[in-house]
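With mmCIF, C-alpha atoms and all ligand atoms inside, this is final.cif:
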```cif
data_query
#
loop_
_atom_site.label_atom_id
_atom_site.label_comp_id
_atom_site.auth_asym_id
_atom_site.auth_seq_id
_atom_site.Cartn_x
_atom_site.Cartn_y
_atom_site.Cartn_z
CA MET A 1 -31.10 -198.79 45.42
CA GLU A 2 -34.77 -197.78 45.23
CA LEU A 3 -36.24 -196.73 41.90
CA MET A 4 -39.62 -195.49 40.86
CA LYS A 5 -41.15 -196.19 37.46
CA VAL A 6 -42.90 -193.10 36.11
CA HIS A 7 -44.29 -191.78 32.85
CA GLY A 8 -45.25 -188.60 31.08
CA SER A 9 -47.50 -189.38 28.08
CA MET A 10 -46.33 -193.02 28.38
CA ASN A 11 -42.70 -191.92 27.84
CA THR A 12 -41.51 -194.21 30.63
CA PHE A 13 -38.51 -193.90 32.92
CA PHE A 14 -36.96 -195.19 36.08
CA LEU A 15 -36.44 -192.31 38.48
CA TYR A 16 -33.54 -192.46 40.91
CA GLU A 17 -32.93 -190.00 43.74
CA GLY A 18 -29.43 -189.80 45.19
CA GLU A 19 -25.97 -188.37 44.70
CA ASP A 20 -24.56 -188.28 41.15
CA ARG A 21 -22.87 -191.56 40.20
CA GLU A 22 -20.19 -192.28 37.63
CA ASP A 23 -22.05 -195.31 36.31
CA PHE A 24 -25.43 -193.85 35.31
CA ALA A 25 -24.86 -194.74 31.63
CA GLU A 26 -24.12 -198.42 32.43
CA LEU A 27 -26.97 -198.50 34.94
CA THR A 28 -29.41 -197.24 32.32
CA ARG A 29 -28.29 -199.83 29.77
CA ARG A 30 -28.69 -202.59 32.34
CA LEU A 31 -32.10 -201.32 33.47
CA SER A 32 -33.24 -201.26 29.84
CA GLN A 33 -32.11 -204.85 29.43
CA LEU A 34 -34.10 -205.88 32.50
CA ASP A 35 -37.18 -203.86 31.60
CA GLY A 36 -37.79 -203.41 27.88
CA GLN A 37 -40.61 -200.87 28.50
CA ILE A 38 -38.49 -197.97 29.65
CA ASP A 39 -37.21 -195.06 27.56
CA GLY A 40 -34.44 -194.07 29.95
CA LEU A 41 -33.33 -193.08 33.44
CA LEU A 42 -34.06 -189.81 35.25
CA THR A 43 -31.77 -188.90 38.10
CA VAL A 44 -32.60 -186.41 40.85
CA SER A 45 -29.65 -185.18 42.88
CA PRO A 46 -28.91 -182.20 45.14
CA SER A 47 -28.29 -178.86 43.42
CA LYS A 48 -26.31 -175.93 44.81
CA ARG A 49 -28.82 -173.35 43.48
CA CYS A 50 -32.11 -175.11 42.71
CA ALA A 51 -34.51 -177.48 44.45
CA ALA A 52 -32.85 -180.39 42.62
CA LYS A 53 -30.76 -181.31 39.61
CA MET A 54 -32.21 -183.57 36.90
CA ARG A 55 -30.16 -185.63 34.47
CA VAL A 56 -31.59 -187.86 31.74
CA PHE A 57 -30.06 -190.94 30.13
CA ASN A 58 -31.40 -192.60 26.99
CA THR A 59 -31.69 -196.39 26.90
CA ASP A 60 -28.41 -196.65 24.97
CA GLY A 61 -26.68 -194.87 27.88
CA SER A 62 -26.19 -191.52 26.10
CA GLU A 63 -26.97 -188.46 28.21
CA ALA A 64 -29.39 -185.84 26.85
CA SER A 65 -29.47 -182.17 27.81
CA MET A 66 -33.23 -182.18 28.41
CA CYS A 67 -36.34 -184.31 28.66
CA GLY A 68 -39.74 -182.62 28.75
CA ASN A 69 -41.84 -185.62 29.80
CA GLY A 70 -39.19 -186.62 32.32
CA LEU A 71 -39.05 -183.11 33.78
CA ARG A 72 -42.78 -183.26 34.53
CA CYS A 73 -42.21 -186.46 36.52
CA VAL A 74 -39.22 -184.94 38.32
CA ALA A 75 -41.31 -181.80 38.97
CA ARG A 76 -43.94 -183.88 40.71
CA PHE A 77 -41.35 -185.84 42.67
CA VAL A 78 -39.58 -182.71 43.93
CA CYS A 79 -42.78 -180.71 44.64
CA GLU A 80 -44.32 -183.59 46.62
CA ARG A 81 -41.04 -184.27 48.43
CA ASP A 82 -40.66 -180.61 49.42
CA GLY A 83 -44.37 -179.89 50.01
CA VAL A 84 -44.45 -177.05 47.43
CA ASP A 85 -46.47 -176.26 44.29
CA HIS A 86 -43.62 -174.87 42.20
CA ALA A 87 -39.87 -175.15 42.02
CA VAL A 88 -36.81 -174.51 39.88
CA ILE A 89 -34.92 -177.57 38.63
CA GLU A 90 -31.34 -177.50 37.39
CA THR A 91 -30.84 -179.27 34.05
CA MET A 92 -27.71 -179.60 31.90
CA LYS A 93 -28.14 -176.28 30.09
CA ALA A 94 -30.73 -174.27 32.04
CA ASP A 95 -32.53 -173.88 35.36
CA LEU A 96 -36.21 -174.43 34.57
CA THR A 97 -39.37 -173.48 36.44
CA VAL A 98 -41.95 -176.17 37.05
CA GLN A 99 -45.36 -176.08 38.70
CA LYS A 100 -48.24 -178.26 39.78
CA GLU A 101 -51.41 -177.82 37.71
CA SER A 102 -54.99 -178.97 38.12
CA GLU A 103 -55.82 -182.54 37.15
CA ILE A 104 -56.80 -182.92 33.49
CA ASP A 105 -59.10 -185.81 34.40
CA ALA A 106 -59.94 -187.44 37.75
CA GLY A 107 -56.75 -188.84 39.27
CA VAL A 108 -54.40 -187.66 36.47
CA LYS A 109 -51.73 -185.49 38.15
CA MET A 110 -50.50 -182.67 35.94
CA TYR A 111 -47.36 -180.57 35.93
CA GLY A 112 -46.26 -177.67 33.73
CA VAL A 113 -42.60 -177.19 32.84
CA GLU A 114 -40.62 -174.49 31.09
CA ILE A 115 -38.82 -175.58 27.90
CA SER A 116 -35.78 -173.38 27.29
CA PRO A 117 -33.46 -172.21 25.74
CA VAL A 118 -34.67 -172.29 22.12
CA SER A 119 -32.26 -171.93 19.21
CA PHE A 120 -32.65 -172.31 15.46
CA GLN A 121 -28.90 -172.04 14.92
CA LEU A 122 -27.70 -175.28 13.31
CA LYS A 123 -24.48 -175.12 15.33
CA ASP A 124 -26.56 -175.53 18.51
CA LEU A 125 -27.98 -178.93 17.54
CA PRO A 126 -25.37 -179.52 16.01
CA MET A 127 -26.40 -179.95 12.35
CA VAL A 128 -24.20 -179.35 9.33
CA TYR A 129 -25.88 -178.82 5.97
CA GLU A 130 -23.94 -177.06 3.23
CA HIS A 131 -23.21 -173.56 4.63
CA HIS A 132 -26.61 -172.89 6.18
CA ALA A 133 -26.86 -171.24 9.61
CA GLU A 134 -30.53 -172.25 10.07
CA TRP A 135 -32.98 -174.61 8.39
CA GLN A 136 -36.63 -173.63 8.80
CA GLN A 137 -39.71 -174.90 6.96
CA LYS A 138 -37.87 -176.08 3.88
CA PRO A 139 -37.61 -179.58 2.38
CA LEU A 140 -34.27 -181.35 2.67
CA PRO A 141 -34.06 -182.39 -1.00
CA PHE A 142 -32.14 -185.59 -0.28
CA VAL A 143 -34.92 -186.75 2.10
CA ASP A 144 -38.21 -185.74 0.47
CA ALA A 145 -39.14 -182.76 -1.66
CA SER A 146 -42.62 -182.57 -0.12
CA ILE A 147 -41.78 -182.37 3.61
CA PRO A 148 -40.91 -178.97 5.08
CA PHE A 149 -38.33 -179.56 7.83
CA THR A 150 -37.21 -177.34 10.68
CA ALA A 151 -34.13 -177.91 12.82
CA VAL A 152 -34.39 -176.57 16.38
CA ALA A 153 -32.61 -177.08 19.71
CA VAL A 154 -34.75 -176.80 22.89
CA PRO A 155 -31.92 -177.33 23.88
CA ASN A 156 -31.74 -181.02 22.84
CA PRO A 157 -31.70 -181.42 19.06
CA HIS A 158 -34.86 -181.84 17.02
CA LEU A 159 -35.66 -182.15 13.33
CA ILE A 160 -39.36 -181.59 12.71
CA GLY A 161 -41.14 -182.47 9.47
CA ILE A 162 -44.72 -181.54 8.64
CA VAL A 163 -46.36 -184.48 6.88
CA GLY A 164 -49.77 -185.59 5.62
CA ARG A 165 -51.75 -188.47 7.05
CA ASP A 166 -50.27 -191.11 4.75
CA LEU A 167 -46.67 -190.49 5.79
CA GLN A 168 -47.77 -190.21 9.41
CA ARG A 169 -49.43 -193.62 9.32
CA ASN A 170 -46.58 -195.30 7.46
CA ALA A 171 -43.75 -195.03 9.98
CA GLY A 172 -41.24 -196.67 7.59
CA HIS A 173 -40.16 -193.39 5.99
CA GLN A 174 -39.53 -191.74 9.37
CA GLU A 175 -37.76 -194.80 10.73
CA LYS A 176 -35.41 -195.00 7.74
CA TRP A 177 -34.27 -191.38 8.05
CA ALA A 178 -34.15 -191.35 11.85
CA ALA A 179 -31.99 -194.47 11.86
CA TYR A 180 -29.68 -192.85 9.30
CA PHE A 181 -29.42 -189.52 11.16
CA ASN A 182 -28.60 -191.42 14.34
CA SER A 183 -25.84 -193.49 12.79
CA ASP A 184 -22.64 -192.35 11.12
CA ASN A 185 -23.80 -189.49 8.82
CA PRO A 186 -22.49 -186.12 7.66
CA TYR A 187 -25.38 -184.01 9.01
CA PHE A 188 -25.90 -184.78 12.71
CA SER A 189 -22.69 -185.73 14.48
CA ASP A 190 -24.55 -186.21 17.81
CA GLY A 191 -27.74 -187.65 16.30
CA VAL A 192 -31.15 -186.00 16.41
CA ASN A 193 -34.72 -186.61 17.56
CA LEU A 194 -36.87 -186.85 14.42
CA SER A 195 -40.58 -185.96 14.63
CA TYR A 196 -43.32 -186.06 12.03
CA VAL A 197 -46.18 -183.65 12.70
CA THR A 198 -49.67 -183.75 11.20
CA PRO A 199 -52.34 -181.08 11.79
CA ILE A 200 -55.62 -182.56 13.08
CA LYS A 201 -58.95 -180.98 13.99
CA GLU A 202 -58.07 -180.83 17.70
CA GLY A 203 -54.50 -179.50 17.27
CA ILE A 204 -51.49 -181.44 16.02
CA PHE A 205 -50.41 -185.09 16.15
CA VAL A 206 -46.70 -185.82 16.70
CA ARG A 207 -44.76 -189.08 16.39
CA THR A 208 -41.11 -189.07 17.45
CA TYR A 209 -38.17 -191.33 16.88
CA GLU A 210 -35.89 -190.44 19.77
CA ARG A 211 -32.14 -190.32 19.60
CA GLY A 212 -30.69 -193.03 21.83
CA VAL A 213 -34.03 -194.85 22.13
CA GLY A 214 -36.05 -195.34 18.90
CA PHE A 215 -39.79 -194.72 18.43
CA THR A 216 -41.39 -193.62 21.71
CA ASP A 217 -45.02 -193.05 22.69
CA ALA A 218 -44.16 -189.39 23.15
CA CYS A 219 -41.24 -187.00 23.50
CA GLY A 220 -42.01 -183.86 25.50
CA THR A 221 -39.35 -181.59 24.03
CA ALA A 222 -40.32 -182.79 20.54
CA MET A 223 -44.00 -182.02 21.15
CA THR A 224 -43.15 -178.53 22.39
CA ALA A 225 -40.78 -177.90 19.48
CA SER A 226 -43.48 -179.19 17.10
CA ALA A 227 -46.04 -176.80 18.59
CA LEU A 228 -43.59 -173.92 18.05
CA VAL A 229 -42.90 -174.99 14.45
CA SER A 230 -46.65 -175.36 13.76
CA CYS A 231 -47.28 -171.81 15.04
CA LEU A 232 -44.40 -170.38 12.99
CA ALA A 233 -45.68 -172.23 9.91
CA GLY A 234 -49.13 -170.68 10.41
CA LEU A 235 -50.80 -174.05 11.01
CA MET A 236 -51.77 -173.13 14.58
CA PRO A 237 -52.38 -169.76 16.23
CA PHE A 238 -49.80 -168.75 18.88
CA GLY A 239 -50.97 -169.55 22.41
CA ASN A 240 -52.17 -172.95 23.52
CA VAL A 241 -51.67 -175.91 21.21
CA SER A 242 -53.11 -179.35 22.00
CA VAL A 243 -50.53 -181.92 21.00
CA TYR A 244 -51.66 -185.52 20.55
CA ASN A 245 -49.24 -188.44 20.44
CA PRO A 246 -49.37 -192.24 20.62
CA GLY A 247 -49.13 -191.96 24.44
CA GLY A 248 -51.79 -189.33 25.08
CA MET A 249 -52.11 -185.57 24.85
CA VAL A 250 -50.30 -182.55 26.26
CA ASN A 251 -50.86 -178.80 26.08
CA CYS A 252 -48.04 -176.62 24.85
CA THR A 253 -48.04 -172.85 25.25
CA VAL A 254 -46.12 -170.95 22.59
CA LYS A 255 -45.44 -167.22 23.02
CA ILE A 256 -43.00 -164.74 21.54
CA ILE A 257 -42.25 -161.98 24.03
CA ASP A 258 -39.78 -159.22 23.08
CA GLY A 259 -38.45 -161.45 20.31
CA ASN A 260 -37.85 -164.37 22.71
CA TYR A 261 -39.65 -167.69 22.55
CA GLU A 262 -41.46 -168.71 25.74
CA LEU A 263 -42.49 -172.35 25.71
CA LYS A 264 -44.35 -174.36 28.30
CA LEU A 265 -45.29 -178.04 28.31
CA SER A 266 -48.20 -179.25 30.49
CA GLY A 267 -49.13 -182.86 30.90
CA ASN A 268 -49.44 -185.86 33.16
CA ALA A 269 -46.84 -187.10 35.61
CA THR A 270 -47.87 -190.62 36.53
CA TYR A 271 -46.28 -193.00 39.02
CA LEU A 272 -46.43 -196.66 37.97
CA ALA A 273 -44.50 -198.67 40.55
CA ALA A 274 -41.67 -198.81 43.09
CA TYR A 275 -38.72 -201.17 42.60
CA ARG A 276 -35.57 -202.24 44.35
CA PHE A 277 -32.51 -202.61 42.13
CA ASP A 278 -29.91 -204.89 43.69
CA LEU A 279 -26.45 -204.52 42.22
CA ASN A 280 -25.28 -207.85 43.77
CA GLU A 281 -21.77 -208.47 42.43
CA GLY A 282 -21.63 -206.19 39.42
CA LEU A 283 -24.18 -204.96 36.95
CA GLU A 284 -24.45 -208.20 35.00
CA ASN A 285 -25.82 -209.94 38.11
CA SER A 286 -28.08 -207.08 39.13
CA GLU A 287 -31.77 -207.70 39.65
CA LEU A 288 -34.89 -205.61 39.59
CA LYS A 289 -37.53 -206.40 42.20
CA LEU A 290 -41.05 -204.99 42.10
CA LEU A 291 -41.92 -203.58 45.55
CA GLU A 292 -45.30 -202.00 44.88
CA LYS A 293 -47.51 -201.37 41.90
CA TYR A 294 -49.53 -198.13 42.06
CA THR A 295 -53.07 -197.75 40.74
CA GLU A 296 -52.72 -194.33 39.06
CA GLN A 297 -52.46 -195.86 35.59
CA LEU A 298 -56.15 -196.79 35.79
CA SER A 299 -57.03 -193.08 35.81
CA TYR A 300 -54.60 -192.40 32.98
CA ASP A 301 -56.12 -195.23 30.90
CA LYS A 302 -59.58 -193.66 31.35
CA PHE A 303 -58.21 -190.31 30.18
CA ILE A 304 -56.66 -191.96 27.09
CA GLU A 305 -59.95 -193.65 26.30
CA LYS A 306 -61.71 -190.27 26.34
CA ILE A 307 -59.30 -188.68 23.86
CA SER A 308 -58.84 -191.71 21.62
CA ASP A 309 -61.18 -190.48 18.85
CA ALA A 310 -58.76 -187.66 18.01
CA THR A 311 -55.92 -190.03 17.19
CA ALA A 312 -57.69 -193.23 16.13
CA GLU A 313 -56.83 -192.85 12.45
CA LEU A 314 -53.17 -192.05 13.03
CA ILE A 315 -51.91 -194.53 15.61
N1 LIG B 1 -38.13 -188.13 25.96
C1 LIG B 1 -37.55 -186.88 26.12
C2 LIG B 1 -36.27 -186.57 25.42
C3 LIG B 1 -35.16 -187.54 25.86
C4 LIG B 1 -33.85 -187.21 25.26
C5 LIG B 1 -33.77 -187.42 23.78
N2 LIG B 1 -33.89 -188.79 23.40
C6 LIG B 1 -32.42 -186.86 23.30
O1 LIG B 1 -31.45 -187.62 23.21
O2 LIG B 1 -32.35 -185.64 23.06
C7 LIG B 1 -38.53 -185.74 26.19
O3 LIG B 1 -39.64 -186.00 26.69
O4 LIG B 1 -38.22 -184.60 25.86
#
```
What does the file become when written as structure tokens?
Amino acid sequence: MELMKVHGSMNTFFLYEGEDREDFAELTRRLSQLDGQIDGLLTVSPSKRCAAKMRVFNTDGSEASMCGNGLRCVARFVCERDGVDHAVIETMKADLTVQKESEIDAGVKMYGVEISPVSFQLKDLPMVYEHHAEWQQKPLPFVDASIPFTAVAVPNPHLIGIVGRDLQRNAGHQEKWAAYFNSDNPYFSDGVNLSYVTPIKEGIFVRTYERGVGFTDACGTAMTASALVSCLAGLMPFGNVSVYNPGGMVNCTVKIIDGNYELKLSGNATYLAAYRFDLNEGLENSELKLLEKYTEQLSYDKFIEKISDATAELI
């Protein structure tokens, strides 16, 4: 099978186009063994009602309901394949609009994607904490009395803490709690993506420990959820929020229209290389062969260099 290696904000995936397969979970685990850089597998298959259907698998083989950085890459793939500038993509819980946008820097292809639905109901993550229906901007006393946390599903589950620079730089605190919440624990039966957010001059900085993966350079749904939480907390005005992360920078648009949240994530969709994945006799003997390395990353690296001052102290 042919695969493409792609990234959104350095959140890196193999992208596979073809019919749905039963063995995507095993395939993803094997691909992660063969290539330690990836954060999962994106699959693009035919949809009965949309331009395509996207599924996303974490490196541990678990399937997630959404992936914001991955959707930008799938958006580019589908728009270029179909010769269009916008499309609707079927995902596990919603059909989402995506569109091509102008390059943020020479040679850096950009796509905007809808992030929806949004729910603060703990049952939608799911999260269980005493008898609460929601948990917004309040410390979880058993974690840390100084960090206001918000639980939100977009629709994959996120727990967002607003922290100062010291906790942001020292990833040990975040790692300890993320590892706990993604193992056997009474609060998150399906695990959770844990992000720490710090306001900076240019916007916000977000670091995410992803469920099913571990620390990643960026998580698109987490950055969008963090922008929403920052607006609700009064740290950022509603509208456009620049979100910096260890893998780059994205723009999130946060609006409330008629009481509904409207969220959009805009950022790069970069193609790294084409591969052939030969299954041979079974997954354990499968091999990954590089067919072609693309040069787009050079443009992305230049873009990163230009924005590096904003994040220098925090990465
Ligand atoms: N990297 C993604 C999210 C991928 C899924 C996540 N790990 C989960 O299990 O919910 C993004 O860009 O949103």
Surrounding residues as a PyMOL selection string, ligand LIG 1 (chain B), max 9 Å, all atoms listed in the file: chain A and resi 8-9+11-12+39-40+56-59+62-72+155-158+190-193+209-214+216+218-224
Selection above as a file: C-alpha atoms, as a short mmCIF file (atom, residue, chain, number, x, y, z; two decimals), keeping the file's coordinate frame:
```
data_model
loop_
_atom_site.label_atom_id
_atom_site.label_comp_id
_atom_site.auth_asym_id
_atom_site.auth_seq_id
_atom_site.Cartn_x
_atom_site.Cartn_y
_atom_site.Cartn_z
CA GLY A 8 -45.25 -188.60 31.08
CA SER A 9 -47.50 -189.38 28.08
CA ASN A 11 -42.70 -191.92 27.84
CA THR A 12 -41.51 -194.21 30.63
CA ASP A 39 -37.21 -195.06 27.56
CA GLY A 40 -34.44 -194.07 29.95
CA VAL A 56 -31.59 -187.86 31.74
CA PHE A 57 -30.06 -190.94 30.13
CA ASN A 58 -31.40 -192.60 26.99
CA THR A 59 -31.69 -196.39 26.90
CA SER A 62 -26.19 -191.52 26.10
CA GLU A 63 -26.97 -188.46 28.21
CA ALA A 64 -29.39 -185.84 26.85
CA SER A 65 -29.47 -182.17 27.81
CA MET A 66 -33.23 -182.18 28.41
CA CYS A 67 -36.34 -184.31 28.66
CA GLY A 68 -39.74 -182.62 28.75
CA ASN A 69 -41.84 -185.62 29.80
CA GLY A 70 -39.19 -186.62 32.32
CA LEU A 71 -39.05 -183.11 33.78
CA ARG A 72 -42.78 -183.26 34.53
CA PRO A 155 -31.92 -177.33 23.88
CA ASN A 156 -31.74 -181.02 22.84
CA PRO A 157 -31.70 -181.42 19.06
CA HIS A 158 -34.86 -181.84 17.02
CA ASP A 190 -24.55 -186.21 17.81
CA GLY A 191 -27.74 -187.65 16.30
CA VAL A 192 -31.15 -186.00 16.41
CA ASN A 193 -34.72 -186.61 17.56
CA TYR A 209 -38.17 -191.33 16.88
CA GLU A 210 -35.89 -190.44 19.77
CA ARG A 211 -32.14 -190.32 19.60
CA GLY A 212 -30.69 -193.03 21.83
CA VAL A 213 -34.03 -194.85 22.13
CA GLY A 214 -36.05 -195.34 18.90
CA THR A 216 -41.39 -193.62 21.71
CA ALA A 218 -44.16 -189.39 23.15
CA CYS A 219 -41.24 -187.00 23.50
CA GLY A 220 -42.01 -183.86 25.50
CA THR A 221 -39.35 -181.59 24.03
CA ALA A 222 -40.32 -182.79 20.54
CA MET A 223 -44.00 -182.02 21.15
CA THR A 224 -43.15 -178.53 22.39
#
```
Å distance separating atom CA of Phe142 of chain A from atom CA of Ala171 of chain A, one decimal place: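 Atom CA of Phe142 of chain A sits 18.1 Å away from atom CA of Ala171 of chain A.
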Distance in Å - atom CA of Val254 of chain A versus atom CA of Trp135 of chain A: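 Straight-line distance from atom CA of Val254 of chain A to atom CA of Trp135 of chain A works out to 19.7 Å.
All residues of protein, DNA or RNA that reach within 10 Å of Ile256 of chain A, judged by only C-alpha atoms and not counting those fewer than 5 positions away in the chain, are Leu228, Phe238, Gly239, Tyr261, Glu262 and Leu263 of chain A.
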Among listed residues A:Tyr244, A:Phe24, A:Phe149, A:Tyr180, nearest Arg207 of chain A (using all atoms listed in the file):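 Between A:Tyr244, A:Phe24, A:Phe149, A:Tyr180, the residue approaching Arg207 of chain A most closely is A:Tyr244.
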Shell around segment 282-288 of chain A at 9 Å using only C-alpha atoms, local window under 5 positions removed, as a PyMOL selection string: chain A and resi 26-27+30-31+34-35+275-277
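Atom CA of Val84 of chain A is found 25.3 Å from atom CA of Met249 of chain A.
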9 Å contact set for Asp95 of chain A, all atoms listed in the file, chain neighbours under 5 positions out, as a PyMOL selection string: chain A and resi 49-50+53+88-90+116
Best match for closeness to Glu103 of chain A among A:Lys123, A:Glu313, A:Leu140, A:Thr270, counting all atoms listed in the file: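 When distances to Glu103 of chain A are compared using all atoms listed in the file, the smallest one comes from A:Thr270.
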Nearest residue to Ala310 of chain A from the set A:Glu202, A:Glu134, A:Glu80, A:Asp217 (distances using all atoms listed in the file):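 Under the stated criterion, the closest residue is A:Glu202.
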Nearest to Glu114 of chain A by atom-to-atom distance, counting only C-alpha atoms, from A:Cys252, A:Glu281, A:Ser47, A:Val243: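 Selected residue with least distance to Glu114 of chain A: A:Cys252.
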Taking the structure I provided as the source, export segment 229-245 of chain A with N, CA and C atoms, as a PDB file, in the first residue's frame.
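Result file follows (result.pdb):
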```
ATOM      1  N   VAL A 229     -11.142  28.138  25.802  1.00  0.00           N
ATOM      2  CA  VAL A 229     -11.047  28.278  27.265  1.00  0.00           C
ATOM      3  C   VAL A 229     -10.403  29.628  27.622  1.00  0.00           C
ATOM      4  N   SER A 230      -9.387  30.030  26.861  1.00  0.00           N
ATOM      5  CA  SER A 230      -8.716  31.311  27.144  1.00  0.00           C
ATOM      6  C   SER A 230      -9.658  32.487  26.933  1.00  0.00           C
ATOM      7  N   CYS A 231     -10.529  32.396  25.923  1.00  0.00           N
ATOM      8  CA  CYS A 231     -11.514  33.470  25.692  1.00  0.00           C
ATOM      9  C   CYS A 231     -12.537  33.481  26.831  1.00  0.00           C
ATOM     10  N   LEU A 232     -13.021  32.310  27.199  1.00  0.00           N
ATOM     11  CA  LEU A 232     -14.033  32.246  28.269  1.00  0.00           C
ATOM     12  C   LEU A 232     -13.450  32.714  29.601  1.00  0.00           C
ATOM     13  N   ALA A 233     -12.151  32.491  29.792  1.00  0.00           N
ATOM     14  CA  ALA A 233     -11.503  32.901  31.048  1.00  0.00           C
ATOM     15  C   ALA A 233     -11.134  34.387  31.028  1.00  0.00           C
ATOM     16  N   GLY A 234     -11.365  35.054  29.891  1.00  0.00           N
ATOM     17  CA  GLY A 234     -11.060  36.482  29.791  1.00  0.00           C
ATOM     18  C   GLY A 234      -9.587  36.763  29.543  1.00  0.00           C
ATOM     19  N   LEU A 235      -8.819  35.743  29.186  1.00  0.00           N
ATOM     20  CA  LEU A 235      -7.392  35.958  28.923  1.00  0.00           C
ATOM     21  C   LEU A 235      -7.165  36.482  27.513  1.00  0.00           C
ATOM     22  N   MET A 236      -8.094  36.163  26.611  1.00  0.00           N
ATOM     23  CA  MET A 236      -8.007  36.569  25.210  1.00  0.00           C
ATOM     24  C   MET A 236      -9.369  37.123  24.806  1.00  0.00           C
ATOM     25  N   PRO A 237      -9.394  38.114  23.908  1.00  0.00           N
ATOM     26  CA  PRO A 237     -10.706  38.542  23.399  1.00  0.00           C
ATOM     27  C   PRO A 237     -11.252  37.490  22.425  1.00  0.00           C
ATOM     28  N   PHE A 238     -12.573  37.344  22.343  1.00  0.00           N
ATOM     29  CA  PHE A 238     -13.157  36.441  21.340  1.00  0.00           C
ATOM     30  C   PHE A 238     -12.741  36.909  19.950  1.00  0.00           C
ATOM     31  N   GLY A 239     -12.644  35.987  19.031  1.00  0.00           N
ATOM     32  CA  GLY A 239     -12.207  36.310  17.661  1.00  0.00           C
ATOM     33  C   GLY A 239     -11.015  35.452  17.326  1.00  0.00           C
ATOM     34  N   ASN A 240      -9.967  36.077  16.793  1.00  0.00           N
ATOM     35  CA  ASN A 240      -8.800  35.289  16.383  1.00  0.00           C
ATOM     36  C   ASN A 240      -7.790  35.186  17.515  1.00  0.00           C
ATOM     37  N   VAL A 241      -7.359  33.969  17.773  1.00  0.00           N
ATOM     38  CA  VAL A 241      -6.339  33.744  18.811  1.00  0.00           C
ATOM     39  C   VAL A 241      -5.142  33.051  18.148  1.00  0.00           C
ATOM     40  N   SER A 242      -3.959  33.626  18.317  1.00  0.00           N
ATOM     41  CA  SER A 242      -2.748  32.963  17.805  1.00  0.00           C
ATOM     42  C   SER A 242      -2.296  31.957  18.849  1.00  0.00           C
ATOM     43  N   VAL A 243      -2.169  30.719  18.433  1.00  0.00           N
ATOM     44  CA  VAL A 243      -1.817  29.653  19.380  1.00  0.00           C
ATOM     45  C   VAL A 243      -0.452  29.079  18.992  1.00  0.00           C
ATOM     46  N   TYR A 244       0.502  29.273  19.879  1.00  0.00           N
ATOM     47  CA  TYR A 244       1.860  28.768  19.655  1.00  0.00           C
ATOM     48  C   TYR A 244       2.003  27.421  20.344  1.00  0.00           C
ATOM     49  N   ASN A 245       2.900  26.604  19.818  1.00  0.00           N
ATOM     50  CA  ASN A 245       3.086  25.243  20.343  1.00  0.00           C
ATOM     51  C   ASN A 245       4.496  24.814  19.989  1.00  0.00           C
TER      52      ASN A 245
END
```
